[in-house]
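So the structure is just underneath, and the comments pick up after that.
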Amino acid sequence: MKKFPVLISVPHGGDEIPAEVKNRLCLSQQDLFADGDAFTREIYGIVDSVTAYIDTPYARAFIDLNRDTHDLPPKNPDGIVKTTTCHGKTIYSPGKELSLKDSLRLIENYYHPYHQNIRQLLDTHPDIQLALDCHSMEAIGPAISPDRGQKRPAICLGTNKGKSCPMEMAEKLATCFQTAFGLDATEIVIDQPFSGGFITRTYGNQPIPWIQIEISRALYLSEPWFDKDNLSIQKSRLRLLRGQFQEALKCFMNFGK
């Protein structure tokens, strides 16, 4: 099969703890799981079907690849290197908090290589026509979010208000997601509640279009597929979602042909 001329980035799908901080944590496994985009590497991992793919094994709680390098604590405890999770859970044990030097080491070891890889993939694959930064979102807006307590759509496509890609392109992709996932049109929303994070804003239309994808965790982190006690999931559900995602891209690439 001919590969889709697409770059896929999955910056929040990892669950590993960097060696630099392993002995400093007071974070439970449940809290670590809740902070990341669990199973997104499996859902979006159509590695053999796209021109370029990049993800990370490391958890968002320790290094957030979708943040600006200046977005540091204490000004933002949920910034590039965090002191609390997005649910306000303390990450580091008392007396073992990270110094600025520690934070800069994490950025140097994990953040910069990811972004260098993005730039290298774009430089070495001039045939790429679209890039997707792929995430998951909680079904109900958490306390930290502007849409606190509100039910979210099944899928949100972020375009940085049309700055990272033409709105017409996002609308075509939305139609394809609707068809591939068997959703009502109202369940696919553009730029609400997310219009695109640092990656989408930075690389969008520089020179190719970028779209941030957010899939609701209600589509897989819920019964009957997910066991919240042992954090296990039915692999068949992930395979189904991955197949639907691939079908949406196939539809998009053939749109109007």
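In the structure tokens, the first chain shown is A, the next is B, and so on; residue numbers restart at 1 for each chain, and ligands run from 1 in the order shown.
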
Excluding range 171-187 of chain A and any residue of its chain fewer than 5 positions from it, enumerate the residues within 7 Å of it, using only C-alpha atoms, and give them as a PyMOL selection string. chain A and resi 153-155+244+247-248+251-252

For the residues in that selection, give me C-alpha atoms as a PDB file, in the first residue's frame.
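As written to disk, out_23.pdb reads:
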ATOM      1  CA  PRO A 153     -17.078  16.037  21.782  1.00  0.00           C
ATOM      2  CA  ALA A 154     -15.816  12.675  20.565  1.00  0.00           C
ATOM      3  CA  ILE A 155     -13.103  14.307  18.454  1.00  0.00           C
ATOM      4  CA  GLN A 244     -10.864   3.824  12.086  1.00  0.00           C
ATOM      5  CA  GLU A 247      -9.620   4.818   7.410  1.00  0.00           C
ATOM      6  CA  ALA A 248     -10.172   8.521   8.183  1.00  0.00           C
ATOM      7  CA  CYS A 251     -10.732   9.069   3.161  1.00  0.00           C
ATOM      8  CA  PHE A 252      -8.971  12.432   3.546  1.00  0.00           C
TER       9      PHE A 252
END

Mind listing the strand (DSSP E or B) residues of range 43-243 of chain A, per DSSP on the backbone, as an MDAnalysis selection string? chainID A and resid 50:55 58 84 90 92 130:137 140 151 155:158 188:190 210:216 226:227 232:233

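Residues in contact with Tyr58 in chain A at up to 8 Å, not including ones fewer than 5 positions away on its chain and judged by only C-alpha atoms, are His12, Gly13, Gly14, Asp15, Glu16, Ile17, Pro18 and Ile63 of chain A.
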
Using only C-alpha atoms, which of A:Ile233, A:Phe194, A:Leu7, A:Gly79 sits nearest Asp123 in chain A?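 Closest residue, counting only C-alpha atoms: A:Leu7.
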
Give me, as a PyMOL selection string, the residues of range 42-233 of chain A that a backbone DSSP run labels alpha helix (DSSP H). chain A and resi 42-43+100-106+112-124+167-181+198-203

Can you write out the residues you just picked, keeping C-alpha atoms, as an mmCIF file, in the first residue's frame?
data_model
loop_
_atom_site.group_PDB
_atom_site.id
_atom_site.type_symbol
_atom_site.label_atom_id
_atom_site.label_comp_id
_atom_site.auth_asym_id
_atom_site.auth_seq_id
_atom_site.Cartn_x
_atom_site.Cartn_y
_atom_site.Cartn_z
ATOM 1 C CA GLU A 42 -1.456 2.289 19.991
ATOM 2 C CA ILE A 43 -4.424 4.249 18.591
ATOM 3 C CA LEU A 100 16.300 24.604 37.752
ATOM 4 C CA LYS A 101 19.409 22.657 36.763
ATOM 5 C CA ASP A 102 17.454 19.404 37.016
ATOM 6 C CA SER A 103 14.669 20.827 34.863
ATOM 7 C CA LEU A 104 17.086 22.044 32.211
ATOM 8 C CA ARG A 105 18.707 18.602 32.125
ATOM 9 C CA LEU A 106 15.343 16.976 31.398
ATOM 10 C CA HIS A 112 15.148 18.996 22.394
ATOM 11 C CA PRO A 113 15.747 15.596 20.707
ATOM 12 C CA TYR A 114 12.009 15.232 20.023
ATOM 13 C CA HIS A 115 11.780 18.615 18.334
ATOM 14 C CA GLN A 116 15.019 18.073 16.455
ATOM 15 C CA ASN A 117 13.508 14.843 15.159
ATOM 16 C CA ILE A 118 10.399 16.671 13.950
ATOM 17 C CA ARG A 119 12.495 19.176 12.035
ATOM 18 C CA GLN A 120 14.694 16.446 10.582
ATOM 19 C CA LEU A 121 11.690 14.434 9.392
ATOM 20 C CA LEU A 122 10.243 17.504 7.704
ATOM 21 C CA ASP A 123 13.578 18.306 6.061
ATOM 22 C CA THR A 124 14.193 14.777 4.799
ATOM 23 C CA MET A 167 -10.023 25.703 7.630
ATOM 24 C CA GLU A 168 -11.304 23.914 4.535
ATOM 25 C CA MET A 169 -8.717 21.178 5.114
ATOM 26 C CA ALA A 170 -9.820 20.708 8.735
ATOM 27 C CA GLU A 171 -13.450 20.533 7.654
ATOM 28 C CA LYS A 172 -12.618 17.792 5.136
ATOM 29 C CA LEU A 173 -10.758 15.838 7.802
ATOM 30 C CA ALA A 174 -13.706 16.275 10.172
ATOM 31 C CA THR A 175 -16.040 14.781 7.555
ATOM 32 C CA CYS A 176 -13.705 11.813 7.162
ATOM 33 C CA PHE A 177 -13.511 11.239 10.913
ATOM 34 C CA GLN A 178 -17.283 11.364 11.116
ATOM 35 C CA THR A 179 -17.602 8.673 8.459
ATOM 36 C CA ALA A 180 -14.759 6.435 9.681
ATOM 37 C CA PHE A 181 -15.820 6.515 13.343
ATOM 38 C CA PHE A 198 2.804 24.454 21.157
ATOM 39 C CA ILE A 199 3.700 21.917 18.467
ATOM 40 C CA THR A 200 0.778 22.834 16.228
ATOM 41 C CA ARG A 201 1.305 26.570 16.734
ATOM 42 C CA THR A 202 5.066 26.347 16.140
ATOM 43 C CA TYR A 203 5.195 24.129 13.056
#
